[in-house]
Each structure stands twice: as structure tokens, then as C-alpha cells.
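What's in query35.pdb: PDB, C-alpha atoms
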ATOM      1  CA  TYR A 155    -179.285 -55.070 -56.203
ATOM      2  CA  THR A 156    -179.621 -57.631 -58.963
ATOM      3  CA  LYS A 157    -177.001 -59.135 -61.251
ATOM      4  CA  GLU A 158    -178.613 -57.150 -64.057
ATOM      5  CA  ASP A 159    -178.575 -53.884 -62.093
ATOM      6  CA  VAL A 160    -175.304 -53.542 -60.209
ATOM      7  CA  PRO A 161    -174.646 -50.181 -58.465
ATOM      8  CA  GLU A 162    -171.627 -48.206 -59.673
ATOM      9  CA  ASN A 163    -170.152 -47.716 -56.209
ATOM     10  CA  ILE A 164    -171.046 -51.120 -54.803
ATOM     11  CA  ASN A 165    -169.779 -52.017 -51.326
ATOM     12  CA  THR A 166    -170.523 -54.454 -48.515
ATOM     13  CA  ASN A 167    -173.682 -52.553 -47.557
ATOM     14  CA  TYR A 168    -175.393 -53.921 -50.663
ATOM     15  CA  LEU A 169    -177.205 -57.244 -50.768
ATOM     16  CA  LEU A 170    -177.921 -59.370 -53.821
ATOM     17  CA  ASP A 171    -181.647 -59.977 -54.288
ATOM     18  CA  THR A 172    -181.210 -63.754 -54.522
ATOM     19  CA  ASP A 173    -179.327 -63.752 -51.201
ATOM     20  CA  LEU A 174    -182.140 -61.796 -49.570
ATOM     21  CA  GLU A 175    -184.658 -64.248 -50.981
ATOM     22  CA  ASP A 176    -182.732 -67.191 -49.533
ATOM     23  CA  GLN A 177    -182.691 -65.458 -46.141
ATOM     24  CA  LEU A 178    -186.406 -64.696 -46.180
ATOM     25  CA  ALA A 179    -187.183 -68.257 -47.250
ATOM     26  CA  TYR A 180    -185.137 -69.557 -44.330
ATOM     27  CA  LEU A 181    -186.833 -67.294 -41.785
ATOM     28  CA  THR A 182    -190.315 -68.315 -42.903
ATOM     29  CA  SER A 183    -189.432 -72.020 -43.110
ATOM     30  CA  GLN A 184    -188.200 -71.839 -39.511
ATOM     31  CA  ASN A 185    -191.341 -70.016 -38.328
ATOM     32  CA  TYR A 186    -189.575 -66.885 -37.153
ATOM     33  CA  TYR A 187    -191.811 -64.288 -35.535
ATOM     34  CA  PHE A 188    -191.658 -60.654 -36.629
ATOM     35  CA  PRO A 189    -192.690 -58.447 -33.688
ATOM     36  CA  SER A 190    -193.847 -54.863 -33.928
ATOM     37  CA  TYR A 191    -191.904 -52.073 -32.243
ATOM     38  CA  LYS A 192    -194.610 -51.884 -29.600
ATOM     39  CA  GLU A 193    -194.072 -55.557 -28.859
ATOM     40  CA  LEU A 194    -190.301 -55.063 -28.819
ATOM     41  CA  TYR A 195    -190.670 -52.172 -26.381
ATOM     42  CA  ALA A 196    -192.913 -54.219 -24.085
ATOM     43  CA  TYR A 197    -190.452 -57.135 -24.234
ATOM     44  CA  ILE A 198    -187.519 -54.889 -23.311
ATOM     45  CA  LYS A 199    -189.517 -53.476 -20.409
ATOM     46  CA  GLY A 200    -190.244 -57.002 -19.169
ATOM     47  CA  GLU A 201    -193.971 -56.695 -19.786
ATOM     48  CA  ILE A 202    -194.290 -59.558 -22.294
ATOM     49  CA  ASP A 203    -192.361 -62.526 -23.587
ATOM     50  CA  LEU A 204    -191.557 -63.012 -27.254
ATOM     51  CA  PRO A 205    -191.005 -66.283 -29.118
ATOM     52  CA  GLU A 206    -187.379 -67.395 -28.992
ATOM     53  CA  LYS A 207    -187.126 -66.986 -32.761
ATOM     54  CA  SER A 208    -188.062 -63.307 -33.065
ATOM     55  CA  ILE A 209    -186.489 -60.842 -35.478
ATOM     56  CA  ILE A 210    -187.059 -57.346 -36.857
ATOM     57  CA  LEU A 211    -185.606 -56.710 -40.314
ATOM     58  CA  THR A 212    -184.322 -53.188 -40.962
ATOM     59  CA  PHE A 213    -182.974 -51.599 -44.144
ATOM     60  CA  ASP A 214    -181.293 -48.199 -43.894
ATOM     61  CA  ASP A 215    -181.263 -45.141 -46.168
ATOM     62  CA  GLY A 216    -184.271 -45.887 -48.376
ATOM     63  CA  GLN A 217    -182.108 -46.915 -51.320
ATOM     64  CA  LYS A 218    -183.977 -47.367 -54.597
ATOM     65  CA  GLY A 219    -182.498 -50.823 -55.082
ATOM     66  CA  PHE A 220    -184.137 -52.038 -51.891
ATOM     67  CA  LEU A 221    -187.447 -50.380 -52.726
ATOM     68  CA  GLU A 222    -187.462 -51.797 -56.259
ATOM     69  CA  TYR A 223    -186.176 -55.314 -55.585
ATOM     70  CA  GLY A 224    -186.585 -55.876 -51.846
ATOM     71  CA  ILE A 225    -190.248 -54.997 -51.361
ATOM     72  CA  PRO A 226    -191.512 -57.621 -53.856
ATOM     73  CA  LEU A 227    -189.575 -60.266 -51.935
ATOM     74  CA  LEU A 228    -191.062 -59.135 -48.611
ATOM     75  CA  GLU A 229    -194.499 -59.419 -50.189
ATOM     76  CA  LYS A 230    -193.733 -62.822 -51.729
ATOM     77  CA  TYR A 231    -192.753 -64.281 -48.352
ATOM     78  CA  GLN A 232    -195.157 -62.105 -46.344
ATOM     79  CA  VAL A 233    -192.364 -60.855 -44.100
ATOM     80  CA  PRO A 234    -192.668 -57.369 -42.562
ATOM     81  CA  ALA A 235    -189.673 -55.032 -42.425
ATOM     82  CA  THR A 236    -188.664 -51.439 -41.714
ATOM     83  CA  SER A 237    -187.180 -48.990 -44.190
ATOM     84  CA  TYR A 238    -185.303 -46.251 -42.352
ATOM     85  CA  ILE A 239    -185.367 -43.429 -44.883
ATOM     86  CA  ILE A 240    -183.442 -40.176 -45.126
ATOM     87  CA  ALA A 241    -186.592 -38.100 -45.443
ATOM     88  CA  SER A 242    -185.000 -35.170 -47.289
ATOM     89  CA  LYS A 243    -183.994 -37.492 -50.142
ATOM     90  CA  ASN A 244    -187.368 -37.726 -51.888
ATOM     91  CA  GLY A 245    -188.914 -39.173 -48.747
ATOM     92  CA  GLU A 246    -192.471 -38.141 -49.524
ATOM     93  CA  GLU A 247    -192.283 -39.625 -53.022
ATOM     94  CA  LYS A 248    -190.808 -42.892 -51.762
ATOM     95  CA  VAL A 249    -193.410 -43.316 -49.026
ATOM     96  CA  ASP A 250    -196.172 -42.634 -51.545
ATOM     97  CA  GLU A 251    -194.834 -44.684 -54.462
ATOM     98  CA  TYR A 252    -193.570 -47.736 -52.617
ATOM     99  CA  ARG A 253    -196.442 -48.501 -50.284
ATOM    100  CA  SER A 254    -196.677 -52.060 -49.031
ATOM    101  CA  ASP A 255    -198.492 -53.986 -46.338
ATOM    102  CA  TYR A 256    -195.122 -55.501 -45.466
ATOM    103  CA  LEU A 257    -193.065 -52.342 -45.101
ATOM    104  CA  VAL A 258    -193.172 -49.535 -42.562
ATOM    105  CA  TYR A 259    -191.261 -46.308 -43.099
ATOM    106  CA  GLU A 260    -189.377 -44.917 -40.134
ATOM    107  CA  SER A 261    -186.918 -42.055 -39.768
ATOM    108  CA  HIS A 262    -183.203 -42.063 -40.483
ATOM    109  CA  SER A 263    -183.532 -38.293 -39.893
ATOM    110  CA  HIS A 264    -184.642 -35.615 -42.318
ATOM    111  CA  ASN A 265    -181.299 -34.044 -43.174
ATOM    112  CA  MET A 266    -178.838 -35.232 -40.529
ATOM    113  CA  HIS A 267    -177.267 -38.017 -42.574
ATOM    114  CA  ARG A 268    -174.270 -35.797 -43.286
ATOM    115  CA  PRO A 269    -170.899 -34.979 -41.713
ATOM    116  CA  GLY A 270    -170.374 -32.315 -39.079
ATOM    117  CA  GLY A 271    -169.704 -34.083 -35.783
ATOM    118  CA  ASN A 272    -166.644 -35.618 -34.162
ATOM    119  CA  ILE A 273    -168.129 -38.781 -32.657
ATOM    120  CA  GLY A 274    -168.010 -42.180 -34.350
ATOM    121  CA  HIS A 275    -168.369 -41.693 -38.102
ATOM    122  CA  GLY A 276    -168.681 -37.933 -37.719
ATOM    123  CA  GLY A 277    -172.418 -37.522 -38.195
ATOM    124  CA  VAL A 278    -173.801 -34.050 -37.537
ATOM    125  CA  PHE A 279    -176.564 -35.142 -35.124
ATOM    126  CA  THR A 280    -174.143 -35.213 -32.196
ATOM    127  CA  ALA A 281    -173.003 -31.637 -32.837
ATOM    128  CA  ILE A 282    -176.126 -29.570 -33.572
ATOM    129  CA  SER A 283    -178.387 -27.567 -31.287
ATOM    130  CA  GLU A 284    -181.477 -29.002 -29.685
ATOM    131  CA  GLU A 285    -183.617 -26.582 -31.691
ATOM    132  CA  GLU A 286    -182.166 -27.750 -35.003
ATOM    133  CA  GLY A 287    -182.203 -31.404 -34.036
ATOM    134  CA  MET A 288    -185.807 -31.362 -32.837
ATOM    135  CA  ALA A 289    -186.948 -29.534 -35.976
ATOM    136  CA  ASP A 290    -185.282 -32.188 -38.117
ATOM    137  CA  LEU A 291    -186.837 -35.068 -36.163
ATOM    138  CA  LYS A 292    -190.316 -33.558 -36.315
ATOM    139  CA  GLU A 293    -190.041 -33.009 -40.063
ATOM    140  CA  SER A 294    -188.977 -36.617 -40.601
ATOM    141  CA  ILE A 295    -191.869 -37.880 -38.476
ATOM    142  CA  LYS A 296    -194.288 -35.903 -40.619
ATOM    143  CA  ILE A 297    -192.904 -37.407 -43.821
ATOM    144  CA  CYS A 298    -192.607 -40.987 -42.564
ATOM    145  CA  GLY A 299    -196.007 -40.906 -40.885
ATOM    146  CA  SER A 300    -194.679 -42.721 -37.829
ATOM    147  CA  GLU A 301    -192.679 -42.123 -34.675
ATOM    148  CA  GLU A 302    -192.278 -45.686 -33.504
ATOM    149  CA  ALA A 303    -188.613 -46.048 -34.412
ATOM    150  CA  PHE A 304    -185.546 -44.017 -35.380
ATOM    151  CA  ALA A 305    -182.151 -44.994 -36.773
ATOM    152  CA  TYR A 306    -179.243 -42.761 -35.754
ATOM    153  CA  PRO A 307    -177.458 -41.444 -38.875
ATOM    154  CA  PHE A 308    -174.187 -43.378 -39.267
ATOM    155  CA  GLY A 309    -175.046 -44.987 -35.930
ATOM    156  CA  ASP A 310    -173.586 -41.952 -34.128
ATOM    157  CA  TYR A 311    -175.151 -40.707 -30.911
ATOM    158  CA  ASN A 312    -174.385 -39.019 -27.602
ATOM    159  CA  VAL A 313    -176.444 -38.109 -24.547
ATOM    160  CA  GLY A 314    -177.817 -35.025 -26.261
ATOM    161  CA  SER A 315    -178.959 -36.802 -29.398
ATOM    162  CA  ARG A 316    -180.510 -39.634 -27.398
ATOM    163  CA  ASP A 317    -182.405 -37.070 -25.292
ATOM    164  CA  MET A 318    -183.737 -35.385 -28.427
ATOM    165  CA  VAL A 319    -184.987 -38.717 -29.754
ATOM    166  CA  GLU A 320    -186.750 -39.283 -26.439
ATOM    167  CA  GLU A 321    -188.222 -35.772 -26.472
ATOM    168  CA  ALA A 322    -189.571 -36.422 -29.968
ATOM    169  CA  ASP A 323    -191.549 -39.311 -28.416
ATOM    170  CA  TYR A 324    -189.933 -42.116 -30.369
ATOM    171  CA  LEU A 325    -190.704 -45.523 -28.908
ATOM    172  CA  CYS A 326    -187.467 -47.175 -30.052
ATOM    173  CA  ALA A 327    -184.205 -46.164 -31.711
ATOM    174  CA  VAL A 328    -181.490 -48.302 -33.259
ATOM    175  CA  THR A 329    -177.724 -47.896 -33.400
ATOM    176  CA  THR A 330    -175.124 -49.796 -35.421
ATOM    177  CA  GLU A 331    -173.637 -51.416 -32.329
ATOM    178  CA  TYR A 332    -173.494 -55.186 -32.686
ATOM    179  CA  GLY A 333    -175.806 -57.272 -30.550
ATOM    180  CA  LYS A 334    -179.312 -58.439 -29.783
ATOM    181  CA  ALA A 335    -182.022 -56.659 -27.817
ATOM    182  CA  ARG A 336    -182.654 -58.145 -24.384
ATOM    183  CA  PRO A 337    -184.910 -57.217 -21.465
ATOM    184  CA  GLY A 338    -183.360 -54.189 -19.803
ATOM    185  CA  THR A 339    -181.750 -52.829 -22.983
ATOM    186  CA  ASP A 340    -182.262 -49.086 -23.465
ATOM    187  CA  PRO A 341    -185.059 -48.960 -26.090
ATOM    188  CA  LEU A 342    -183.507 -45.792 -27.539
ATOM    189  CA  LEU A 343    -180.058 -47.366 -27.950
ATOM    190  CA  LEU A 344    -180.847 -50.729 -29.489
ATOM    191  CA  PRO A 345    -178.067 -52.822 -31.040
ATOM    192  CA  ARG A 346    -178.449 -54.584 -34.362
ATOM    193  CA  ILE A 347    -176.744 -57.388 -36.238
ATOM    194  CA  ARG A 348    -175.369 -56.254 -39.582
ATOM    195  CA  MET A 349    -175.723 -58.404 -42.656
ATOM    196  CA  VAL A 350    -173.144 -57.917 -45.403
ATOM    197  CA  MET A 351    -172.837 -58.597 -49.082
ATOM    198  CA  GLY A 352    -171.592 -62.051 -49.960
ATOM    199  CA  GLN A 353    -172.098 -63.705 -46.599
ATOM    200  CA  SER A 354    -173.185 -67.329 -46.824
ATOM    201  CA  LEU A 355    -176.620 -68.543 -45.832
ATOM    202  CA  GLU A 356    -174.920 -70.557 -43.081
ATOM    203  CA  SER A 357    -173.433 -67.333 -41.720
ATOM    204  CA  PHE A 358    -176.858 -65.724 -41.825
ATOM    205  CA  LYS A 359    -178.400 -68.649 -39.946
ATOM    206  CA  ASP A 360    -175.706 -68.390 -37.273
ATOM    207  CA  LYS A 361    -176.237 -64.652 -36.823
ATOM    208  CA  VAL A 362    -180.014 -64.909 -36.375
ATOM    209  CA  SER A 363    -180.056 -68.026 -34.219
ATOM    210  CA  PRO A 364    -181.452 -67.506 -30.688
TER     211      PRO A 364
END
Spit out the file's structure as C-alpha cells when you get a sec.
Amino acid sequence: YTKEDVPENINTNYLLDTDLEDQLAYLTSQNYYFPSYKELYAYIKGEIDLPEKSIILTFDDGQKGFLEYGIPLLEKYQVPATSYIIASKNGEEKVDEYRSDYLVYESHSHNMHRPGGNIGHGGVFTAISEEEGMADLKESIKICGSEEAFAYPFGDYNVGSRDMVEEADYLCAVTTEYGKARPGTDPLLLPRIRMVMGQSLESFKDKVSP
């Protein structure tokens, strides 16, 4: 968001555009490397090494604020990132309207970002049938145009949901568990490091340091 366009229900999931710009400027000044998901997968499997300063930037939900104000910053600093979109929420329009050489659209499900389960935050993905889950994943793949990565809705998963993601042929999948990907990590249960509104640049530097 920007100081001129503040969301009504703002919370710590939002990031001020000037803070994001400071973070992108830092990453580029420090020569961070931005691997693809194929490279990440190969690194996890022990097939390749990655530079010590490697990072993948992910933004969940496909919020308009990110699409409007974040993409221009990615393009300014030539930093690639992933937008995990909820495909049922105008996914086709977003993918078409906000195209960028520095942004790839991946699935945050089609219509599973809703309550209905009893694990974690209560996301429905952990409680639906394989038939329904697979249909949702396939629809989201069609809209996003990619099956390289998936973000579990609310970060909730169980054995069944992980197996469906694998059956859908996703290369990688991310959770909301805190941590960094290392060789041997399950590529379909990848941790991430959450950035929050108002954190200092020094805090950001500490979180992304090797």
C-alpha cells in the first residue's frame, strides 16, 4: 500500500511501498541471486549449489495493492518474484492485466482459501475429498498458466493435501512455517520467512542474511 492509498482493514500482512523499495534496493546492492523454482528444486535434491545469497520473493493472495504498487518496483530493480493468487478471485483478469517480465503467477488454490477444516487456521483444503481438491488444483493451474509452485491456503496442510499437490505435478509448494530451504527439505513443504508491516530495514537484513 502507499501512504496515499491505505487499506481500510490494514494489518501486519500489508507492506508500505517505500519499505518494499528499500528492501529491493538492499537485495540488488548486495548482489542477491533470485533462483527459479527449478533451480530451488535441484538445490534441495542436492543436484546443484546455489550462491550463498539466494532468495525467492513471494507475495500471497494476489492483492490489488501489490499488483498496482509492487510490480513497478520489481521492474525498477529488475527483481523477479512470485504472486500466489487465489484464482477464483478474478485470477484470469489479474494474470492478463498485470503481466510483467519480473512476476510469475502461481497458485494459492482456485477456491480453497476459505474455512472448513480443523487444522491450523482452519482452511478447507485439509478437509475436502481428493476429487474436489484435485479439481480445484487443476483449475488454478489452468488460470495461472504454471504448475511450478503452490502456496497452501492459510499455510494449512496434512498428508492428504500434500499428496494432492504432488499428484497435480507441482514442483514445489510453500507453507507458512518459519525457516529457510536447505538440501533435504521436502520440496512440497517448504518453509518461508515472513516479512511484516513496519519492520526495520535492519530487521529485514537480519532475516535474509545467509
**Request:** Name the closest residue to Ser237 of chain A among the candidates A:Val362, A:Ile198, A:Ala179, A:Ala305; distances are taken between atoms, counting all atoms listed in the file.
**Result:**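 Looking at the shortest contact to Ser237 of chain A, the residue is A:Ala305.
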**Asked** Out of A:Phe279, A:Tyr197, A:Phe213, A:Tyr231, which residue has the shortest atom-to-atom distance to Arg336 of chain A when counting all atoms listed in the file?
**Response**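 The closest residue to Arg336 of chain A is A:Tyr197.
Take atom CA of Ser315 of chain A and atom CA of Glu260 of chain A: the distance between them is 17.0 Å.
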**Residues selected by the PyMOL selection byres ((chain A and resi 236) around 7), written as a list in words** =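 Applying the expression gives Leu211, Thr212, Phe213, Ala235, Ser237, Tyr238, Leu257, Val258, Tyr259 and Glu260 of chain A.
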Closest-contact table, segment 254-321 of chain A side, partner segment 242-247 of chain A, 6 Å, counting only C-alpha atoms, as a Markdown table:
| residue | atom | partner | partner_atom | distance |
| --- | --- | --- | --- | --- |
| A:His264 | CA | A:Ser242 | CA | 5.0 |
| A:Asn265 | CA | A:Ser242 | CA | 5.6 |
| A:Ile297 | CA | A:Glu246 | CA | 5.8 |
**Asked** If we count only C-alpha atoms, what is near Thr329 of chain A at a cut-off of 6 Å, once residues fewer than 2 positions away on the same chain are taken out, given as a list in words?
**Response**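 Counting only the stated atoms, we get Tyr306, Gly309, Glu331, Leu343, Leu344 and Pro345 of chain A.
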**Request:** I need the residue set behind the PyMOL selection byres ((chain A and resi 364) around 7) for this file; please write it as a list in words.
**Result:** Glu206, Lys207, Val362 and Ser363 of chain A
Set the distance at 12 Å and use all atoms listed in the file: which residues neighbour Lys157 of chain A once local chain neighbours fewer than 3 positions away are removed? I'd like the list as a short mmCIF file (atom, residue, chain, number, x, y, z; two decimals) with C-alpha atoms, in the coordinates of the input.
data_model
loop_
_atom_site.label_atom_id
_atom_site.label_comp_id
_atom_site.auth_asym_id
_atom_site.auth_seq_id
_atom_site.Cartn_x
_atom_site.Cartn_y
_atom_site.Cartn_z
CA VAL A 160 -175.30 -53.54 -60.21
CA PRO A 161 -174.65 -50.18 -58.46
CA ILE A 164 -171.05 -51.12 -54.80
CA TYR A 168 -175.39 -53.92 -50.66
CA LEU A 169 -177.20 -57.24 -50.77
CA LEU A 170 -177.92 -59.37 -53.82
CA ASP A 171 -181.65 -59.98 -54.29
CA THR A 172 -181.21 -63.75 -54.52
CA ASP A 173 -179.33 -63.75 -51.20
CA GLY A 219 -182.50 -50.82 -55.08
CA TYR A 223 -186.18 -55.31 -55.58
#
**Message:** My list of candidates is A:Tyr256, A:Phe304, A:Tyr311, A:Phe358. Which is closest to Leu174 of chain A when distances are computed with only C-alpha atoms?
**Reply:**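 Closest to Leu174 of chain A, using only C-alpha atoms: A:Phe358.
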Just need the box for segment 258-266 of chain A, edges along x, y and z, holding every atom the file lists for it with 8 Å tacked onto each side, so centre and edge lengths in Å to one decimal, as JSON.
{"center_x": -186.0, "center_y": -41.8, "center_z": -41.5, "size_x": 30.3, "size_y": 31.5, "size_z": 19.4}
Hey, what comes out of the PyMOL selection byres ((chain A and resi 339) around 12) on this file? Could you write it as a PDB file with C-alpha atoms, in the coordinates of the input?
ATOM      1  CA  LEU A 194    -190.301 -55.063 -28.819  1.00  0.00           C
ATOM      2  CA  TYR A 195    -190.670 -52.172 -26.381  1.00  0.00           C
ATOM      3  CA  ALA A 196    -192.913 -54.219 -24.085  1.00  0.00           C
ATOM      4  CA  TYR A 197    -190.452 -57.135 -24.234  1.00  0.00           C
ATOM      5  CA  ILE A 198    -187.519 -54.889 -23.311  1.00  0.00           C
ATOM      6  CA  LYS A 199    -189.517 -53.476 -20.409  1.00  0.00           C
ATOM      7  CA  GLY A 200    -190.244 -57.002 -19.169  1.00  0.00           C
ATOM      8  CA  CYS A 326    -187.467 -47.175 -30.052  1.00  0.00           C
ATOM      9  CA  ALA A 327    -184.205 -46.164 -31.711  1.00  0.00           C
ATOM     10  CA  VAL A 328    -181.490 -48.302 -33.259  1.00  0.00           C
ATOM     11  CA  GLY A 333    -175.806 -57.272 -30.550  1.00  0.00           C
ATOM     12  CA  LYS A 334    -179.312 -58.439 -29.783  1.00  0.00           C
ATOM     13  CA  ALA A 335    -182.022 -56.659 -27.817  1.00  0.00           C
ATOM     14  CA  ARG A 336    -182.654 -58.145 -24.384  1.00  0.00           C
ATOM     15  CA  PRO A 337    -184.910 -57.217 -21.465  1.00  0.00           C
ATOM     16  CA  GLY A 338    -183.360 -54.189 -19.803  1.00  0.00           C
ATOM     17  CA  ASP A 340    -182.262 -49.086 -23.465  1.00  0.00           C
ATOM     18  CA  PRO A 341    -185.059 -48.960 -26.090  1.00  0.00           C
ATOM     19  CA  LEU A 342    -183.507 -45.792 -27.539  1.00  0.00           C
ATOM     20  CA  LEU A 343    -180.058 -47.366 -27.950  1.00  0.00           C
ATOM     21  CA  LEU A 344    -180.847 -50.729 -29.489  1.00  0.00           C
ATOM     22  CA  PRO A 345    -178.067 -52.822 -31.040  1.00  0.00           C
ATOM     23  CA  ARG A 346    -178.449 -54.584 -34.362  1.00  0.00           C
TER      24      ARG A 346
END
**Request:** Enter the distance from atom CA of Arg268 of chain A to atom CA of Asn312 of chain A, in Å, rounded to one decimal.
**Result:** 16.0 Å
**Fill in**
note - atom CA of Ala281 of chain A and atom CA of Thr330 of chain A are separated by 18.5 Å
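Across A:Glu285, A:Asp290, A:Glu320, A:Glu356, the tightest approach to Ile240 of chain A is made by A:Asp290 when counting only C-alpha atoms.
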Distance table requested - segment 202-314 of chain A against segment 189-192 of chain A, cut-off 10 Å, all atoms listed in the file: one row per qualifying residue with the closest atom pair and its distance in Å to one decimal, ordered by chain and rising residue number, as CSV.
residue,atom,partner,partner_atom,distance
A:Leu204,CA,A:Pro189,CA,8.0
A:Pro205,CA,A:Pro189,CA,9.2
A:Ser208,CA,A:Pro189,CA,6.7
A:Ile209,CA,A:Pro189,CA,6.9
A:Ile210,CA,A:Pro189,CA,6.6
A:Leu211,CA,A:Pro189,CA,9.9
A:Pro234,CA,A:Pro189,CA,8.9
A:Ala235,CA,A:Ser190,CA,9.5
A:Thr236,CA,A:Ser190,CA,10.0
A:Glu302,CA,A:Tyr191,CA,6.5
A:Ala303,CA,A:Tyr191,CA,7.2
**Message:** Quick one: residues within 12 Å of Thr280 of chain A, all atoms listed in the file, excluding same-chain residues fewer than 4 positions away - as a list of chain:residue names?
**Reply:**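 My reading of the contact set: A:Met266, A:His267, A:Arg268, A:Pro269, A:Gly270, A:Gly271, A:Asn272, A:Ile273, A:Gly274, A:His275, A:Gly276, A:Glu284, A:Glu286, A:Gly287, A:Tyr306, A:Pro307, A:Phe308, A:Gly309, A:Asp310, A:Tyr311, A:Asn312, A:Val313, A:Gly314, A:Ser315, A:Arg316, A:Asp317, A:Met318, A:Val319.
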Using the partial input, fill out segment 171-179 of chain A with all heavy atoms; write the result as a PDB file, in the frame of the given file.
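That gives us selection.pdb:
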ATOM      1  N   ASP A 171    -180.244 -59.626 -54.495  1.00  0.00           N
ATOM      2  CA  ASP A 171    -181.647 -59.977 -54.288  1.00  0.00           C
ATOM      3  C   ASP A 171    -181.837 -61.474 -54.046  1.00  0.00           C
ATOM      4  O   ASP A 171    -182.678 -61.877 -53.238  1.00  0.00           O
ATOM      5  CB  ASP A 171    -182.510 -59.502 -55.454  1.00  0.00           C
ATOM      6  CG  ASP A 171    -182.143 -60.169 -56.781  1.00  0.00           C
ATOM      7  OD1 ASP A 171    -180.964 -60.515 -56.977  1.00  0.00           O
ATOM      8  OD2 ASP A 171    -183.044 -60.323 -57.625  1.00  0.00           O
ATOM      9  N   THR A 172    -181.059 -62.308 -54.722  1.00  0.00           N
ATOM     10  CA  THR A 172    -181.210 -63.754 -54.522  1.00  0.00           C
ATOM     11  C   THR A 172    -180.746 -64.182 -53.137  1.00  0.00           C
ATOM     12  O   THR A 172    -181.277 -65.140 -52.567  1.00  0.00           O
ATOM     13  CB  THR A 172    -180.427 -64.525 -55.598  1.00  0.00           C
ATOM     14  OG1 THR A 172    -179.080 -64.029 -55.655  1.00  0.00           O
ATOM     15  CG2 THR A 172    -181.078 -64.344 -56.963  1.00  0.00           C
ATOM     16  N   ASP A 173    -179.752 -63.460 -52.575  1.00  0.00           N
ATOM     17  CA  ASP A 173    -179.327 -63.752 -51.201  1.00  0.00           C
ATOM     18  C   ASP A 173    -180.426 -63.367 -50.216  1.00  0.00           C
ATOM     19  O   ASP A 173    -180.707 -64.103 -49.257  1.00  0.00           O
ATOM     20  CB  ASP A 173    -178.045 -62.999 -50.863  1.00  0.00           C
ATOM     21  CG  ASP A 173    -176.828 -63.576 -51.581  1.00  0.00           C
ATOM     22  OD1 ASP A 173    -176.898 -64.738 -52.041  1.00  0.00           O
ATOM     23  OD2 ASP A 173    -175.807 -62.873 -51.681  1.00  0.00           O
ATOM     24  N   LEU A 174    -181.045 -62.201 -50.442  1.00  0.00           N
ATOM     25  CA  LEU A 174    -182.140 -61.796 -49.570  1.00  0.00           C
ATOM     26  C   LEU A 174    -183.280 -62.799 -49.652  1.00  0.00           C
ATOM     27  O   LEU A 174    -183.879 -63.155 -48.625  1.00  0.00           O
ATOM     28  CB  LEU A 174    -182.636 -60.400 -49.955  1.00  0.00           C
ATOM     29  CG  LEU A 174    -183.850 -59.885 -49.167  1.00  0.00           C
ATOM     30  CD1 LEU A 174    -183.573 -59.816 -47.668  1.00  0.00           C
ATOM     31  CD2 LEU A 174    -184.301 -58.516 -49.675  1.00  0.00           C
ATOM     32  N   GLU A 175    -183.576 -63.273 -50.842  1.00  0.00           N
ATOM     33  CA  GLU A 175    -184.658 -64.248 -50.981  1.00  0.00           C
ATOM     34  C   GLU A 175    -184.348 -65.523 -50.210  1.00  0.00           C
ATOM     35  O   GLU A 175    -185.227 -66.078 -49.538  1.00  0.00           O
ATOM     36  CB  GLU A 175    -184.915 -64.572 -52.452  1.00  0.00           C
ATOM     37  CG  GLU A 175    -186.024 -65.592 -52.631  1.00  0.00           C
ATOM     38  CD  GLU A 175    -186.670 -65.577 -53.995  1.00  0.00           C
ATOM     39  OE1 GLU A 175    -186.072 -65.023 -54.928  1.00  0.00           O
ATOM     40  OE2 GLU A 175    -187.793 -66.118 -54.124  1.00  0.00           O
ATOM     41  N   ASP A 176    -183.113 -65.992 -50.289  1.00  0.00           N
ATOM     42  CA  ASP A 176    -182.732 -67.191 -49.533  1.00  0.00           C
ATOM     43  C   ASP A 176    -182.914 -66.964 -48.032  1.00  0.00           C
ATOM     44  O   ASP A 176    -183.356 -67.864 -47.304  1.00  0.00           O
ATOM     45  CB  ASP A 176    -181.271 -67.557 -49.819  1.00  0.00           C
ATOM     46  CG  ASP A 176    -181.072 -68.118 -51.211  1.00  0.00           C
ATOM     47  OD1 ASP A 176    -182.059 -68.503 -51.858  1.00  0.00           O
ATOM     48  OD2 ASP A 176    -179.905 -68.149 -51.665  1.00  0.00           O
ATOM     49  N   GLN A 177    -182.568 -65.775 -47.561  1.00  0.00           N
ATOM     50  CA  GLN A 177    -182.691 -65.458 -46.141  1.00  0.00           C
ATOM     51  C   GLN A 177    -184.152 -65.397 -45.707  1.00  0.00           C
ATOM     52  O   GLN A 177    -184.518 -65.920 -44.640  1.00  0.00           O
ATOM     53  CB  GLN A 177    -181.964 -64.148 -45.856  1.00  0.00           C
ATOM     54  CG  GLN A 177    -180.462 -64.236 -46.057  1.00  0.00           C
ATOM     55  CD  GLN A 177    -179.785 -62.888 -46.120  1.00  0.00           C
ATOM     56  OE1 GLN A 177    -180.418 -61.847 -45.952  1.00  0.00           O
ATOM     57  NE2 GLN A 177    -178.488 -62.881 -46.376  1.00  0.00           N
ATOM     58  N   LEU A 178    -184.985 -64.775 -46.514  1.00  0.00           N
ATOM     59  CA  LEU A 178    -186.406 -64.696 -46.180  1.00  0.00           C
ATOM     60  C   LEU A 178    -187.044 -66.079 -46.206  1.00  0.00           C
ATOM     61  O   LEU A 178    -187.888 -66.403 -45.355  1.00  0.00           O
ATOM     62  CB  LEU A 178    -187.126 -63.762 -47.157  1.00  0.00           C
ATOM     63  CG  LEU A 178    -186.707 -62.293 -47.120  1.00  0.00           C
ATOM     64  CD1 LEU A 178    -187.453 -61.506 -48.200  1.00  0.00           C
ATOM     65  CD2 LEU A 178    -186.963 -61.684 -45.748  1.00  0.00           C
ATOM     66  N   ALA A 179    -186.657 -66.896 -47.172  1.00  0.00           N
ATOM     67  CA  ALA A 179    -187.183 -68.257 -47.250  1.00  0.00           C
ATOM     68  C   ALA A 179    -186.800 -69.046 -46.009  1.00  0.00           C
ATOM     69  O   ALA A 179    -187.607 -69.824 -45.460  1.00  0.00           O
ATOM     70  CB  ALA A 179    -186.664 -68.953 -48.504  1.00  0.00           C
TER      71      ALA A 179
END
